[in-house]
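What follows is one structure encoded as structure tokens, with my remarks underneath.
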Amino acid sequence: MRGNAEAHEMVAPGSLAAVLELIADQPGEWTPIAGGTELMVAHAAGRLSASKLVSLWGIPDLRFVATRPESFAIGAGATFTDIRNHAGIAADIPLLAKSATWIGSIANQSRATLGGNLVNGSPAADSSPALLVYDGEVEMISIRGTRRIAYSDFHTGYKKNALAPDELLYSIHIPRRFAGHRQYMRKVGTRRAMAVAKVALGATALVRDEIITEVRLAAASLAAYPTRLYRAEDAICGKALDAASISAARTALLGEVLPIDDIRSTAEYRRRVAANLLDEFLSELQLPEAPR
Amino acid sequence: MSATWPAIRFTLNGDSREVHVPPMKRLLDVLREDLRLTGTKEGCGEGECGSCSVRMNGELVNSCLVPVLQAAGANVQTVEGLACDGEMHPLQQAFLHCGGAQCGICTPGMLIAATHLLERNPNPTMAEIREGLSGNLCRCTGFIRIFESVISAAAQSERSTRAR
Amino acid sequence: MSTAAKTRVVGESVPRKEGVDKLLGRARYLDDIDFEGMWHGATVRSTIPRGIIRAIHFDPRIDWSEFAVVTAFDIPGKNLIRLIFDDQPCLADDRVNHCDEAIVLLAHPNKQKLRESLAAVHVEYDPLTPVFTIEESEGQNEIIWGEDNLLKSFLLQKGDVDAAWIGAAHIVTGEYRTGAQEHLYIENNGAIAEYNAESGVTVWGSLQCPFYVHKSLMAVFNLPEDKVRVIQTETGGAFGGKEDFPSTICAHAALLAMKSGHRVKIVYDRMEDLAATTKRHPARVLHRTALDADGKLLAMDIELATDGGAYRTLSSTVLSRATLHSPGPYVCPNVRVRSSAWATNTVPYGAFRGFGAPQAIFAIERHMDEIAATIGMDPIELRRRNFLHTGDTTATEQVMRDPVILDKLLDRALAESHYHARRARFAKENPASPVKRGLGISAFYHGSGFTGSGERYLNSLAGVDVTPERKVRVLVSSTEFGQGTNTILTQIAAETIGVDYSDVVMAPPDTSIIPNSGPTVASRTSMVVGRLIERAGAQLLDMLRNHASLPEEFTPDEFFDACERYRAAHGEVVSLCRYEAPPAIFWDDETYRGEAYPAYAWCVQVAQVAVDTVTYSAEVEEFWSVQEVGRVLNPVLAGGQIEGGIAQGIGYALYEKVIWQNGHMANNQMTNYIMPTAEDVPPIHVYFEEIPFAHGAFGAKGIGELPHDGPAPAILNAIRDATGVSFTAISLLPEDLFAKLSEHPVAEPATV
């Protein structure tokens with residue numbers, strides 16, 4: 001244990017309103033900590049620079065899954081156990097439920113929160129590709145009120161996001177209009193459990209009369225933050241699925257991703273596997289949908 | 001323990017406990033150092049090995065990643081709370097007979113994870129057992145006899161349930 | 001053997017002797033132990049791989065008077081870790097030879113202040129050019145050790161290799177490489193020490209070999225035998241990683257205890273343990289093999305090189321075992337093995353389950369499949385034609401007098417795995433599937449116990465005594481670290497003497513109490529030390545019959561009554577026996593000829609592997625292991641050892657890679673050093689054949705290391721079977737598979 005517990009102040013106001021008051025009063029001073037699965041690792045390594053922490057753990061206003069006719073609203077404090085166990089999510093937005101089962105281990109899932117996963121902003125974040133291909137929106141809150149932006153606009157750079165210093169991530173909204181879409185999610189890690197993604201691909205697509213009328217592709221670990229693969233999407237959107245369009249999509253993906261070499265993998269491997277995953281998805285599209 | 005830190009109270013293996021420690025002290029360290037329960041182990045400090053696993057409000061957590069302030073008011077269970085009145089828990093019995101423990105250092109965390117699994121899912125499939133224990137690393141057994149121990153304990157519970 | 005054994009205990013799966021405490025969470029590992037007034041210790045380590053220490057600066061903002069500070073200058077005796085060859089310093093003196101080498105030790109009662117002080121010590125170096133690979137070391141452009149960087153070499157010769165190439169129908173060459181491997185015991189290294197001018201040094205530690213530590217501390221502190229006491233605490237995994245390293249951490253804790261006047265505890269966190277402690281020797285093996293037209297081996301020319309790291313430590317003995325295992329379980333009239341261990345500026349490599357055999361066996365078993373492919377023969381048939389049989393002679397001219405049943409093991413492995421049926425199925429399914437499946441085998445032996453005259457040199461002493469509390473105590477320095485020592489030895493004692501398993505306990509692993517029965521290594525505990533317990537038990541019965549009227553048939557109560565009669569007359573009830581070498585064991589260390597090992601365990605393993613051509617990952621789907629290990633003393637424990645060893649072997653092949661950056665382990669966190677989880681290990685099927693070995697306890701041979709020898713080559717042979725592509729280096733990660741499969745694309749499934 002390389003961190004110094006005494007060097008960190010931590011408060012737990014216990015309500016969303018109290019937390020917002022605090023961070024409005026002292027913007028940028030207090031680092032929110034939810035389940036701690038990221039910050040406590042830094043603490044143990046002696047790398048936790050945040051000297052003041054405000055706990056979001058257990059605040060009921062943040063930990064919810066609301067099913068509305070048009071969308072799900074998932075509180076930023078919802079844990080991945082909450083998400084994977086939710087019947088509605090498993091039925092309507094299965095890619096998110098699936099990615100929840102990939103976070104760390106059961107013990108990590110019961111503490112890691114959706115909000116924490118997004119605000120931490122790792123390019124390898126497990127929940128991000130699903131949120132991107134479901135057109136997720138994020139709702140941010142401060143004492144000044146709430147505002148919503150597309151999740152695809154939330155990350156602004158490597159570990160940078162759109163939150164103002166006095167804002168918290170409040171909830172994530174996912175429209176419930178993808179039930180008729182073909183869906184795909186695959187994560188490639190160092191092993192079957194407790195693995196940071198080397199690369200992951202999520203996809204949704206609507207196929208009508210053998211034409212792809214809508215397609216959304218998103219990846220992890222292929223850029224500074226989780227992103228949609230717009231050029232690959234353009235290569236097949238509105239087109240028939242044939243050898244030419246599949247090849248064009250693959251070429252587009254290979255050109256648009258920016259993987260790196262790091263301690264876990266190589267850029268070349270990531271690039272090639274991402275293209276293979278896309279091929280795998282597109283091949284699946286050519287077959288009738290398997291029963292879910 | 002310094003009296004300058006405000007009290008943090010929680011229930012531990014059924015007993016009320018109170019500590020005066022910094023809020024960012026890890027629950028793992030509070031258990032081992034302040035409460036002198038050394039059954040829960042530190043293998044990595046990163047939430048990767050699971051040897052620090054405890055149950056908190058019925059959920060499985062890695063206590064090395066829990067700031068003790070977030071355990072305030074919670075119900076915490078450690079390996080020391082598994083046996084009842086000197087009788088080993090069925091899982092502990094099963095581990096003993098099936099060879100689920102070799103060096104024993106991963107065993108407390110493994111037992112907590114297995115307890116959590118069987119309470120949620122009394123008749124797990126092999127795939128569910130593997131997933132339930134995937135956050136607990138064992139370097140000695142290759143996991144095989146740990147799986148057998150869990151299956152044995154599950155079967156035993158089923159027999160005693162049916163016998164009632 | 002005892003005529004009075006009431007209960008058959010040997011061969012039964014009696015529960016682990018210390019199992020209840022482990023399951024209740026009551027077992028006390030090193031970091032569970034605290035003493036009143038104890039200080040904590042930490043280590044300032046080198047940040048460069050090689051250089052001269054110009055100066056050490058202590059930041060004046062710290063009040064150093066609160067601390068105990070130790071450097072090489074403080075060492076009262078010799079600044080070395082006594083092992084085989086005295087070249088490893090206890091603390092760096094004027095130079096460092098690897099990253100993370102210990103330079104300064106600090107102790108303080110407060111852990112936080114101690115942490116802060118670590119960052120306040122600045123070492124200034126004059127860097128020297130480091131050497132990082134076997135090739136660089138061999139090249140000898142930079143001499144970093146001795147005269148020539150060569151830590152050790154061996155030459156093993158049989159027949160005339162050079163003459164055999166002429167007229168050979170086939171000559172096949174291959175180069176094989178194995179990487180470093182970390183033990184990853186879940187309990188990190190730790191030690192507590194106290195020092196007293198009158199009574200000397202006492203250490204508690206997580207360790208395998210109390211007397212290795214004892215010997216080393218005597219040298220560091222210049223103390224006689226009776227002024228050093230070493231106590232093993234419950235040890236959470238070792239696998240060889242706590243064979244020699246504890247001598248260093250125990251010496252460090254003791255030096256701080258001496259300097260501070262307080263007990264001192266040093267416990268490494270995972271990052272420090274990964275970076276600074278021993279690992280498995282990397283190796284490079286070159287095979288050149290001549291065969292006749294029927295695929296019979298004519299000659300093997302083997303060059304085997306290991307990377308020993310910065311100091312010799314155990315490199316010579318690892319090299320020895322690698323040398324002796326490199327020709328495989330085959331008959332070959334002409335063999336030459338030239339082996340060498342090279343120094344590099346990395347953390348010294350050490351013992352790890354298998355101890356050179358996994359590296360050597362990886363090479364020969366991969367090579368056999370490469371030969372088979374080259375000459376167009378089935379790899380199974382190739383092995384059958386060349387297997388050793390009873391009465392055959394090995395590369396060291398050892399006659400296999402004890403039965404060798406490789407054919408039977410192979411037959412059983414093929415039958416249990418439905419090998420041919422599976423392969424036929426994969427041949428049909430693979431072309432249309434993105435996942436390619438294959439099967440691979442490995443066949444191997446593992447020499448039980450120390451090589452050649454090693455056991456004579458150890459001259460082990462072990463036995464039993466009886467306490468007034470009516471317990472038989474096993475007196476050994478063999479330690480428990482999960483593999484079952486406590487259980488096996490108490491089973492042996494119980495059955496030999498004729499008391500209940502519950503009547504027998506282990507004497508505390510404390511050098512002031514136990515005799516030196518040798519280190520807990522080399523798969524020798526059951527076979528060698530167990531045999532001493534067997535003899536001592538029989539000797540005890542003789543003593544009691546002759547001097548305490550023990551009847552021919554007796555109950556446990558009558559036994560203990562007789563012991564009390566004996567104690568009244570003689571003061572104590574102790575029976576010790578010294579090692580006796582089996583007859584006709586002759587070994588020549590100079591020529592490397594003779595009986596290399598007194599006994600061999602034999603094994604055939606089969607791996608089924610799936611290679612995913614989308615992600616380039618290889619996974620073991622199922623695994624079979626058929627082994628002949630002499631008498632199985634405890635089936636549950638034995639099975640657990642095989643399964644655990646196989647899991648580690650799978651990690652060695654496909655998951656575990658040490659990433660070096662300038663001689664420092666860059667992936668020194670569990671999140672980045674990958675071992676298989678419960679979701680990654682395949683179903684493992686274990687089958688035992690038993691041919692009792694006359695000179696092992698109740699017929700036992702060694703078992704602990706055998707299972708780690710075979711998985712890696714079986715797995716890579718399976719990958720070759722699945723993809724048609726040959727991989728010759730481990731660890732083999734998806735990125736490596738990708739690199740090669742991209743050059744040789746495997747047939748893609750046709751898209752609809």
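Simple scheme: letters A, B, ... for chains in structure tokens order, numbers from 1 for residues in each chain, numbers from 1 for ligands in the order shown.
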Just want the 7 Å neighbourhood of Ser523 in chain C, counted on only C-alpha atoms, with same-chain residues fewer than 2 positions away dropped. Output as a short mmCIF file (atom, residue, chain, number, x, y, z; two decimals) with C-alpha atoms, in the first residue's frame.
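Output file selection-v1.cif follows:
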data_model
loop_
_atom_site.label_atom_id
_atom_site.label_comp_id
_atom_site.auth_asym_id
_atom_site.auth_seq_id
_atom_site.Cartn_x
_atom_site.Cartn_y
_atom_site.Cartn_z
CA SER C 448 13.13 -37.28 -8.85
CA GLY C 449 15.29 -35.74 -6.19
CA VAL C 521 12.81 -28.66 -3.60
CA THR C 525 10.14 -34.63 -0.05
CA GLY C 702 8.62 -37.22 -6.96
CA ILE C 703 5.49 -35.58 -8.30
CA GLY C 704 5.43 -31.83 -7.73
CA GLU C 705 7.35 -30.58 -10.75
#
Write out as a Markdown table a residue-level contact list of chain A versus chain C with cut-off 8 Å: for each qualifying residue the closest pair of atoms and the distance in Å to one decimal, counting only C-alpha atoms, rows sorted by chain and residue number upward.
| residue | atom | partner | partner_atom | distance |
| --- | --- | --- | --- | --- |
| A:Met1 | CA | C:Asp269 | CA | 6.9 |
| A:Arg2 | CA | C:Arg115 | CA | 7.0 |
| A:Asn4 | CA | C:Gln112 | CA | 6.5 |
| A:Val188 | CA | C:Thr615 | CA | 7.0 |
| A:Thr190 | CA | C:Ile674 | CA | 7.2 |
| A:Arg191 | CA | C:Asp680 | CA | 6.8 |
| A:Arg192 | CA | C:Asp680 | CA | 6.0 |
| A:Ala193 | CA | C:Glu679 | CA | 6.4 |
| A:Met194 | CA | C:Thr671 | CA | 8.0 |
| A:Ala195 | CA | C:Thr671 | CA | 7.6 |
| A:Ile263 | CA | C:Asn667 | CA | 7.0 |
| A:Arg264 | CA | C:Asn672 | CA | 7.0 |
| A:Ser265 | CA | C:Glu735 | CA | 7.0 |
| A:Thr266 | CA | C:Glu735 | CA | 7.2 |
| A:Tyr269 | CA | C:Glu735 | CA | 5.9 |
| A:Val273 | CA | C:Thr615 | CA | 5.6 |
| A:Asn276 | CA | C:Val614 | CA | 5.5 |
| A:Leu277 | CA | C:Val614 | CA | 6.7 |
| A:Glu280 | CA | C:Val614 | CA | 7.8 |
| A:Ser283 | CA | C:Thr751 | CA | 7.0 |
| A:Gln286 | CA | C:Val752 | CA | 7.3 |
| A:Leu287 | CA | C:Val752 | CA | 7.9 |
Keeping C-alpha atoms, export the residues of the selection given above as a PDB file, in the first residue's frame.
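Writing done, so here's result14.pdb:
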ATOM      1  CA  MET A   1       0.000   0.000   0.000  1.00  0.00           C
ATOM      2  CA  ARG A   2       1.836   3.077  -1.251  1.00  0.00           C
ATOM      3  CA  ASN A   4      -1.301   7.683   2.533  1.00  0.00           C
ATOM      4  CA  VAL A 188     -10.838  -9.130 -27.068  1.00  0.00           C
ATOM      5  CA  THR A 190      -5.762 -10.898 -22.447  1.00  0.00           C
ATOM      6  CA  ARG A 191      -7.917 -13.686 -20.983  1.00  0.00           C
ATOM      7  CA  ARG A 192     -11.577 -14.560 -20.516  1.00  0.00           C
ATOM      8  CA  ALA A 193     -12.105 -12.691 -17.258  1.00  0.00           C
ATOM      9  CA  MET A 194     -10.539  -9.684 -15.565  1.00  0.00           C
ATOM     10  CA  ALA A 195      -9.080  -8.370 -18.766  1.00  0.00           C
ATOM     11  CA  ILE A 263       1.946  -2.746 -22.414  1.00  0.00           C
ATOM     12  CA  ARG A 264      -1.011  -4.896 -23.380  1.00  0.00           C
ATOM     13  CA  SER A 265      -0.842  -5.161 -27.128  1.00  0.00           C
ATOM     14  CA  THR A 266       0.379  -3.713 -30.412  1.00  0.00           C
ATOM     15  CA  TYR A 269      -2.683  -6.451 -33.816  1.00  0.00           C
ATOM     16  CA  VAL A 273      -8.392  -7.698 -35.093  1.00  0.00           C
ATOM     17  CA  ASN A 276     -11.661  -9.002 -38.378  1.00  0.00           C
ATOM     18  CA  LEU A 277     -14.382  -8.195 -35.859  1.00  0.00           C
ATOM     19  CA  GLU A 280     -17.369 -11.109 -38.427  1.00  0.00           C
ATOM     20  CA  SER A 283     -20.796 -11.827 -42.170  1.00  0.00           C
ATOM     21  CA  GLN A 286     -25.577 -11.816 -44.278  1.00  0.00           C
ATOM     22  CA  LEU A 287     -27.196 -14.672 -42.413  1.00  0.00           C
TER      23      LEU A 287
END
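All residues of protein, DNA or RNA that reach within 9 Å of Ala101 in chain B, judged by only C-alpha atoms and not counting those fewer than 2 positions away in the chain, are B:Phe95, B:Leu96, B:Cys98, B:Gly99, B:Cys103, B:Gly104, B:Ile105, B:Cys106, B:Thr107, B:Cys140, B:Thr141, B:Arg145, B:Ile146, C:Arg16, C:Gly19, C:Lys22, C:Leu23, C:Gly482.
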Give the alpha helix (DSSP H) residues of range 540-679 of chain C, as assigned by DSSP on the backbone, as a VMD selection string.
chain C and resid 540 to 548 556 to 570 635 to 654
Please report, as a tab-separated table, each residue of chain A lying at most 7 Å from chain B, together with the nearest pair of atoms and the separation in Å rounded to one decimal; use only C-alpha atoms, and order rows by chain and ascending residue number.
residue	atom	partner	partner_atom	distance
A:Met1	CA	B:Gly45	CA	6.9
A:Ala5	CA	B:Lys25	CA	5.0
A:Glu6	CA	B:Pro22	CA	5.7
A:His8	CA	B:Met24	CA	6.5
A:Met10	CA	B:Pro23	CA	6.0
A:Gly36	CA	B:Leu65	CA	6.1
A:Thr37	CA	B:Leu65	CA	5.9
A:Met40	CA	B:Leu65	CA	5.1
A:Val41	CA	B:Glu46	CA	5.1
A:Ala44	CA	B:Gly45	CA	6.1
A:Trp57	CA	B:Gln70	CA	6.6
A:Ser105	CA	B:Gly135	CA	4.7
A:Ile106	CA	B:Gly135	CA	6.5
A:Ala107	CA	B:Val61	CA	4.3
A:Asn108	CA	B:Val61	CA	6.5
A:Ser110	CA	B:Glu59	CA	6.4
A:Arg111	CA	B:Val61	CA	6.9
A:Ala193	CA	B:Ser134	CA	6.1
A:Met194	CA	B:Gly135	CA	6.8
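Looking only at chain B, the set that DSSP places in strand (DSSP E) from backbone geometry is Ile8, Arg9, Phe10, Thr11, Leu12, Asp15, Ser16, Arg17, Glu18, Val19, Ser53, Val54, Arg55, Met56, Glu59, Leu60, Val61, Asn62, Asn75, Val76 and Gln77 of chain B.
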Fewer than 2 positions away in the same chain doesn't count, so skip those; otherwise give me all residues within 12 Å of Leu62 in chain A, counting only C-alpha atoms, as a ChimeraX atom specification.
/A:14-17,19,34,55-60,64-66,73-79,113-116,139-141,168-172
As an NGL selection string, please: the residues near range 241-256 of chain A (cut-off 12 Å, only C-alpha atoms, same-chain neighbours under 5 positions excluded).
(:A and (201 or 205-213 or 215 or 217-219 or 222-223 or 227-236 or 267-287)) or (:C and (750-752))
Could those selected residues go to a file with C-alpha atoms, as a compact mmCIF listing (two decimals), in the first residue's frame?
# COMPACT_ATOMS: atom_id res chain seq x y z
CA LEU A 201 -16.24 -3.66 -31.31
CA ALA A 205 -27.56 -2.28 -37.90
CA LEU A 206 -30.94 -2.23 -39.54
CA VAL A 207 -31.18 -4.33 -42.67
CA ARG A 208 -34.19 -3.95 -44.95
CA ASP A 209 -34.44 -5.85 -48.23
CA GLU A 210 -30.73 -6.64 -48.05
CA ILE A 211 -29.82 -2.96 -47.80
CA ILE A 212 -28.22 -1.59 -44.64
CA THR A 213 -30.47 1.33 -43.84
CA VAL A 215 -25.52 1.21 -39.02
CA LEU A 217 -20.11 1.00 -35.20
CA ALA A 218 -18.08 1.80 -32.11
CA ALA A 219 -14.80 0.57 -30.77
CA LEU A 222 -8.62 2.16 -31.06
CA ALA A 223 -8.33 5.86 -30.34
CA THR A 227 -15.51 6.59 -30.67
CA ARG A 228 -17.89 5.78 -33.46
CA LEU A 229 -16.26 4.52 -36.65
CA TYR A 230 -17.97 6.98 -38.99
CA ARG A 231 -15.92 6.28 -42.10
CA ALA A 232 -16.54 2.55 -41.87
CA GLU A 233 -20.23 3.27 -41.33
CA ASP A 234 -20.32 5.49 -44.41
CA ALA A 235 -18.81 2.73 -46.48
CA ILE A 236 -21.79 0.45 -45.93
CA ALA A 267 -1.15 -1.25 -32.85
CA GLU A 268 -0.87 -3.74 -35.70
CA TYR A 269 -2.68 -6.45 -33.82
CA ARG A 270 -5.44 -4.10 -32.70
CA ARG A 271 -5.92 -2.76 -36.18
CA ARG A 272 -6.13 -6.19 -37.75
CA VAL A 273 -8.39 -7.70 -35.09
CA ALA A 274 -10.75 -4.70 -35.28
CA ALA A 275 -11.06 -5.29 -39.01
CA ASN A 276 -11.66 -9.00 -38.38
CA LEU A 277 -14.38 -8.19 -35.86
CA LEU A 278 -16.05 -5.95 -38.41
CA ASP A 279 -15.86 -8.75 -40.97
CA GLU A 280 -17.37 -11.11 -38.43
CA PHE A 281 -20.27 -8.72 -37.78
CA LEU A 282 -20.91 -8.10 -41.43
CA SER A 283 -20.80 -11.83 -42.17
CA GLU A 284 -23.38 -12.37 -39.46
CA LEU A 285 -25.58 -9.76 -41.13
CA GLN A 286 -25.58 -11.82 -44.28
CA LEU A 287 -27.20 -14.67 -42.41
CA ALA C 750 -15.95 -19.19 -47.49
CA THR C 751 -18.43 -16.37 -46.95
CA VAL C 752 -22.04 -17.14 -47.83
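The interatomic distance for the pair CA of Pro282 in chain C and CA of Ser726 in chain C works out to 20.1 Å.
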Close residues, range 74-82 of chain B itself excluded, 7 Å, only C-alpha atoms, min 3 positions apart in chain, as an MDAnalysis selection string:
(chainID B and resid 10:13 39:40 54:57 71 89 108 112) or (chainID C and resid 24:25)
Looking at only C-alpha atoms, which of C:Leu30, C:Val632, C:Met377, C:Ile144 is the one that sits closest to chain B?
C:Leu30
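Distance annotation: of B:Gly86, B:Gly14, B:Gly73, B:Pro124, the residue with the minimal separation from Glu148 in chain B is B:Pro124; atom set is only C-alpha atoms.
Closest to chain B among C:Leu409, C:Ala415, C:Val604, C:Val636 is C:Val636, based on only C-alpha atoms.
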